[in-house]
Amino acid sequence: MIHGDPLKEPVDIHDLLHAGLTGHPDDVALVCAKTRRTWQELQDGIDNLAGHYLALGLEPGDRIASLMPNRVELVIHYLACMKSGFVATPLNYRYLAPQIDHALEVSGAKLLVAHAEREADLDASTYAKDLPLGIIRYGEADKSGLERMITEPSSVRPQRAIASSDPAVIFFTSGSTGKPKGVTHSYETLGWMLAGTASALEMSADDVILPGSSISHLGSFLWTLAGLAIGARVVIARTFDGDEILPLLVEHRPTVLCMLPAALMCLVREHGATKDAFSSLRVCRGGGDKVPAELEAEFIALTGFPIDEGYGMTEIGLATLNPPSGEIRIGSVGRPVPGFDLSIRDEDGNLLALGEDGRLWARTPSATVGYWDNPEATAKLFSDDWLDTGDVMRADEDGYLWFRGRKKQIIVHDGSNICPQEVEEALLEHEDVHAAGVIGVYDPIHGENVRAYVALREGSKIIIAQDLIQFARERVGYKAPEEIEFLLEIPLNPTGKVDRVRLKAMASARHESP
């Protein structure tokens, strides 16, 4: 068993801006390419928006969904929800109408905050039209929606106390089968996640944090809120390409950068980045997926220091990290972060010796309180307060962990979890598709690409693979396969389910999988 350092206490979510407000209220707290807010301006915007939400008739415990790209206003929205006891429910910004409907249905959201550019998808959504309190839009020409609510003072102020066990946020993430489940964190578990993240990254008020990925996903959500909680300035990247990130590096001189490997690879290779652009950094965290060896080598050659890898999942937060001021072992996901106990076990749950591959189990106060409105899945999460991550790890004699593969069959493409069954179901909607099996195949840039194996119905017309890919893309968007191979039949396991292990072996035999 491997132990992280103890954590003293969780972050107080109800008073998250305390350090900045008391230490330097007139300094800039939150900034992007077009907007900046001091700590006091940030607090004023939170108070205004929380009051306007209450004036709509929302009550503590109500869910407010958001379909937003990275913006300063999205951070204000999250903090306004937490101030008033509403449950923030971020939706992946790449969701199409079917995924939007699923998240709205499961969460029972009363209100949706959405960018105006997503109007077509909202029009195609069944549930968005019938939300009890409708849709608040952002980005309209007259700024009559979310921007106005943040800017204009409200006479309504939160009155009711919020318990630490109350739900604070729901993140939708894919399980090994089925549609995305709503991973729920309470004020307490979220507070522990933020405390662990700040401690692991060794954050201080002198830091400038640049979360270079979507703050609708847990990773950059944590980097953002943990930075604010510690009193550090946070720089919001609206997009994740070099044209956005590189100027932010040069102008704001962040000390902590967190990016997905694919985006970081593009930044290093394609945008004329120089060593000086990265010279302010004390740590660059590559998150969301394994950092390819090619990227690690190119990054070191450019900057003179390595990318720091770690491991986490939506259910528990950041669980391991190479210590930023200690030894970074290239290829390792690091040691347990503060607040975590980790163990590596065999299939029967027995502890394994150092150096042996086994399933990673975690015990932490930051563990989810369960899946929203899904007691059956929640009941399967834990065994005696330990959570089985389903991922295979090996630990060395110094407590560094090495990722060995995914026991679960989730495909991780550019840091996003893709459930094979969801893609298979989309393909099966085509009238000529008899059966489909979907797996992830290794890609040095994107982590894994989605490959589909398809068997056609007898007598079906000839189908061009690209046409079928487009068919799937119209239903599941970014989750659609990059490539399709046609088989006479799809292999099944003894229980009659798609044998993805065998499909993986087929791909490996062609030297296209690690």
# chains A, B, ... in the order shown; residues from 1 in each chain; ligands from 1
$ residues_around --residues "Tyr187 (chain A)" --least-positions-apart "2" --cutoff "9 Å" --atoms "only C-alpha atoms" --output "PyMOL selection string"
chain A and resi 12-14+82+162-169+185+189-192
$ write_last_selection --atoms "all heavy atoms" --output "short mmCIF file (atom, residue, chain, number, x, y, z; two decimals), in the first residue's frame"
data_model
loop_
_atom_site.label_atom_id
_atom_site.label_comp_id
_atom_site.auth_asym_id
_atom_site.auth_seq_id
_atom_site.Cartn_x
_atom_site.Cartn_y
_atom_site.Cartn_z
N ASP A 12 -12.67 25.55 1.76
CA ASP A 12 -14.03 26.00 2.10
C ASP A 12 -14.67 26.56 0.83
O ASP A 12 -14.39 27.69 0.41
CB ASP A 12 -13.96 27.07 3.18
CG ASP A 12 -15.34 27.53 3.64
OD1 ASP A 12 -16.35 27.07 3.06
OD2 ASP A 12 -15.42 28.36 4.57
N ILE A 13 -15.51 25.76 0.20
CA ILE A 13 -16.13 26.16 -1.07
C ILE A 13 -16.98 27.41 -0.90
O ILE A 13 -17.07 28.25 -1.81
CB ILE A 13 -16.99 25.01 -1.63
CG1 ILE A 13 -16.15 23.74 -1.81
CG2 ILE A 13 -17.62 25.41 -2.96
CD1 ILE A 13 -15.02 23.86 -2.77
N HIS A 14 -17.59 27.58 0.27
CA HIS A 14 -18.47 28.73 0.48
C HIS A 14 -17.68 30.05 0.56
O HIS A 14 -18.25 31.12 0.39
CB HIS A 14 -19.27 28.55 1.77
CG HIS A 14 -20.03 27.26 1.83
ND1 HIS A 14 -19.56 26.17 2.52
CD2 HIS A 14 -21.18 26.87 1.26
CE1 HIS A 14 -20.42 25.16 2.39
NE2 HIS A 14 -21.41 25.57 1.63
N MET A 82 -22.30 27.64 -6.53
CA MET A 82 -21.83 27.14 -5.25
C MET A 82 -22.16 28.09 -4.10
O MET A 82 -22.36 27.67 -2.97
CB MET A 82 -20.33 26.85 -5.32
CG MET A 82 -20.01 25.72 -6.28
SD MET A 82 -18.25 25.57 -6.63
CE MET A 82 -18.31 24.42 -8.02
N ILE A 162 -25.73 26.07 3.63
CA ILE A 162 -25.50 24.93 2.77
C ILE A 162 -24.66 23.92 3.53
O ILE A 162 -23.62 24.25 4.10
CB ILE A 162 -24.77 25.36 1.48
CG1 ILE A 162 -25.61 26.39 0.72
CG2 ILE A 162 -24.49 24.15 0.58
CD1 ILE A 162 -24.86 27.10 -0.38
N ALA A 163 -25.09 22.67 3.57
CA ALA A 163 -24.38 21.62 4.29
C ALA A 163 -23.23 21.09 3.45
O ALA A 163 -23.29 21.07 2.22
CB ALA A 163 -25.33 20.49 4.65
N SER A 164 -22.17 20.64 4.12
CA SER A 164 -21.01 20.12 3.41
C SER A 164 -21.36 18.86 2.61
O SER A 164 -20.68 18.53 1.63
CB SER A 164 -19.89 19.81 4.39
OG SER A 164 -20.29 18.83 5.32
N SER A 165 -22.42 18.16 3.01
CA SER A 165 -22.83 16.94 2.31
C SER A 165 -23.73 17.23 1.12
O SER A 165 -24.05 16.31 0.35
CB SER A 165 -23.55 16.00 3.28
OG SER A 165 -24.70 16.64 3.83
N ASP A 166 -24.17 18.47 0.94
CA ASP A 166 -25.03 18.82 -0.19
C ASP A 166 -24.27 18.66 -1.50
O ASP A 166 -23.07 18.92 -1.57
CB ASP A 166 -25.53 20.25 -0.06
CG ASP A 166 -26.59 20.43 1.01
OD1 ASP A 166 -27.13 19.40 1.47
OD2 ASP A 166 -26.86 21.57 1.41
N PRO A 167 -24.96 18.28 -2.59
CA PRO A 167 -24.28 18.16 -3.89
C PRO A 167 -23.85 19.53 -4.41
O PRO A 167 -24.59 20.51 -4.29
CB PRO A 167 -25.33 17.53 -4.79
CG PRO A 167 -26.64 17.87 -4.15
CD PRO A 167 -26.38 17.91 -2.67
N ALA A 168 -22.67 19.57 -4.99
CA ALA A 168 -22.13 20.83 -5.52
C ALA A 168 -22.01 20.81 -7.03
O ALA A 168 -22.23 21.82 -7.69
CB ALA A 168 -20.76 21.13 -4.90
N VAL A 169 -21.65 19.65 -7.59
CA VAL A 169 -21.37 19.60 -9.04
C VAL A 169 -21.61 18.18 -9.55
O VAL A 169 -21.40 17.20 -8.82
CB VAL A 169 -19.93 20.07 -9.33
CG1 VAL A 169 -18.91 19.17 -8.65
CG2 VAL A 169 -19.65 20.17 -10.82
N HIS A 185 -20.25 15.26 -6.89
CA HIS A 185 -19.37 15.63 -5.78
C HIS A 185 -20.10 16.62 -4.87
O HIS A 185 -20.76 17.54 -5.34
CB HIS A 185 -18.07 16.24 -6.28
CG HIS A 185 -17.10 15.21 -6.79
ND1 HIS A 185 -16.33 14.44 -5.93
CD2 HIS A 185 -16.80 14.80 -8.04
CE1 HIS A 185 -15.59 13.61 -6.65
NE2 HIS A 185 -15.86 13.80 -7.93
N THR A 189 -16.48 16.77 -0.70
CA THR A 189 -15.56 16.03 -1.56
C THR A 189 -14.89 16.96 -2.57
O THR A 189 -13.71 16.78 -2.89
CB THR A 189 -16.26 14.87 -2.29
OG1 THR A 189 -17.26 15.37 -3.20
CG2 THR A 189 -16.92 13.93 -1.29
N LEU A 190 -15.62 17.96 -3.06
CA LEU A 190 -15.00 18.94 -3.95
C LEU A 190 -13.93 19.73 -3.21
O LEU A 190 -12.85 20.00 -3.75
CB LEU A 190 -16.07 19.88 -4.52
CG LEU A 190 -15.57 21.01 -5.42
CD1 LEU A 190 -14.78 20.47 -6.60
CD2 LEU A 190 -16.74 21.87 -5.91
N GLY A 191 -14.21 20.08 -1.95
CA GLY A 191 -13.22 20.80 -1.15
C GLY A 191 -11.95 20.01 -0.96
O GLY A 191 -10.83 20.55 -1.02
N TRP A 192 -12.09 18.69 -0.72
CA TRP A 192 -10.91 17.85 -0.58
C TRP A 192 -10.15 17.74 -1.91
O TRP A 192 -8.91 17.72 -1.94
CB TRP A 192 -11.30 16.45 -0.10
CG TRP A 192 -11.63 16.36 1.36
CD1 TRP A 192 -12.84 16.05 1.92
CD2 TRP A 192 -10.74 16.56 2.47
NE1 TRP A 192 -12.77 16.07 3.29
CE2 TRP A 192 -11.49 16.37 3.65
CE3 TRP A 192 -9.39 16.90 2.57
CZ2 TRP A 192 -10.92 16.50 4.92
CZ3 TRP A 192 -8.82 17.03 3.83
CH2 TRP A 192 -9.58 16.82 4.99
#
$ residues_around --residues "Glu482 (chain A)" --least-positions-apart "6" --cutoff "9 Å" --atoms "only C-alpha atoms" --output "PyMOL selection string"
chain A and resi 449-452+466+469
$ residues_around --residues "Thr197 (chain A)" --least-positions-apart "5" --cutoff "10 Å" --atoms "only C-alpha atoms" --output "VMD selection string"
chain A and resid 191 to 192 202 to 203 219 222 to 223 225 to 227 317 to 321 337 to 339
$ write_last_selection --atoms "C-alpha atoms" --output "mmCIF file, in the first residue's frame"
data_model
loop_
_atom_site.group_PDB
_atom_site.id
_atom_site.type_symbol
_atom_site.label_atom_id
_atom_site.label_comp_id
_atom_site.auth_asym_id
_atom_site.auth_seq_id
_atom_site.Cartn_x
_atom_site.Cartn_y
_atom_site.Cartn_z
ATOM 1 C CA GLY A 191 -13.223 20.800 -1.152
ATOM 2 C CA TRP A 192 -10.910 17.848 -0.583
ATOM 3 C CA GLU A 202 2.579 23.084 -4.770
ATOM 4 C CA MET A 203 0.435 26.132 -5.542
ATOM 5 C CA GLY A 219 -9.064 18.552 -14.754
ATOM 6 C CA LEU A 222 -9.833 21.746 -10.538
ATOM 7 C CA TRP A 223 -6.768 23.711 -11.666
ATOM 8 C CA LEU A 225 -10.745 26.649 -8.675
ATOM 9 C CA ALA A 226 -7.707 25.394 -6.749
ATOM 10 C CA GLY A 227 -5.697 28.331 -8.070
ATOM 11 C CA GLY A 317 -9.898 13.830 -8.746
ATOM 12 C CA LEU A 318 -6.119 14.058 -9.136
ATOM 13 C CA ALA A 319 -4.688 10.929 -7.489
ATOM 14 C CA THR A 320 -1.002 10.849 -8.463
ATOM 15 C CA LEU A 321 1.593 13.323 -9.710
ATOM 16 C CA VAL A 337 -0.971 13.087 -3.965
ATOM 17 C CA PRO A 338 -1.857 14.280 -0.448
ATOM 18 C CA GLY A 339 -5.065 12.745 0.853
#
$ select_by_dssp --residues "region 93-188 of chain A" --states "strand (DSSP E)" --output "list in words"
Leu111, Leu112, Val113, Ala114, His115, Ile135, Ile136, Arg137, Tyr138, Pro167, Ala168, Val169, Ile170, Phe171, Phe172, Thr173, Lys181, Gly182, Val183, Thr184, His185 and Ser186 of chain A
$ select_by_dssp --residues "region 187-221 of chain A" --states "alpha helix (DSSP H)" --output "list in words"
Tyr187, Glu188, Thr189, Leu190, Gly191, Trp192, Met193, Leu194, Ala195, Gly196, Thr197, Ala198, Ser199, Ala200, Leu218, Gly219, Ser220 and Phe221 of chain A
$ residues_around --residues "Gly349 (chain A)" --least-positions-apart "3" --cutoff "12 Å" --atoms "only C-alpha atoms" --output "PyMOL selection string"
chain A and resi 343-346+352+358-361+383-384+386-388+390
$ residues_around --residues "region 45-62 of chain A" --least-positions-apart "2" --cutoff "8 Å" --atoms "only C-alpha atoms" --output "ChimeraX atom specification"
/A:41-43,64,76-77,79-81,83-87,109-110,133,149-158,162,166-167
$ residues_around --residues "Ala205 (chain A)" --least-positions-apart "3" --cutoff "12 Å" --atoms "only C-alpha atoms" --output "MDAnalysis selection string"
chainID A and resid 17:24 27:29 198 202 208:209 226:234 255
$ closest_residue --among "A:Thr224, A:Thr184, A:Gln99, A:Ser144" --to "Leu122 (chain A)" --atoms "only C-alpha atoms"
A:Gln99
$ atom_distance --atom1 "CA of Trp39 (chain A)" --atom2 "CA of Ala65 (chain A)"
25.1 Å
$ residues_around --residues "Glu327 (chain A)" --least-positions-apart "6" --cutoff "12 Å" --atoms "only C-alpha atoms" --output "number ranges by chain"
A: 305-309, 321, 333-335, 398-400
$ atom_distance --atom1 "CA of Gly242 (chain A)" --atom2 "CA of Cys266 (chain A)"
7.1 Å
$ closest_residue --among "A:Val501, A:Met265, A:Thr378, A:Glu474" --to "Gly437 (chain A)" --atoms "only C-alpha atoms"
A:Val501
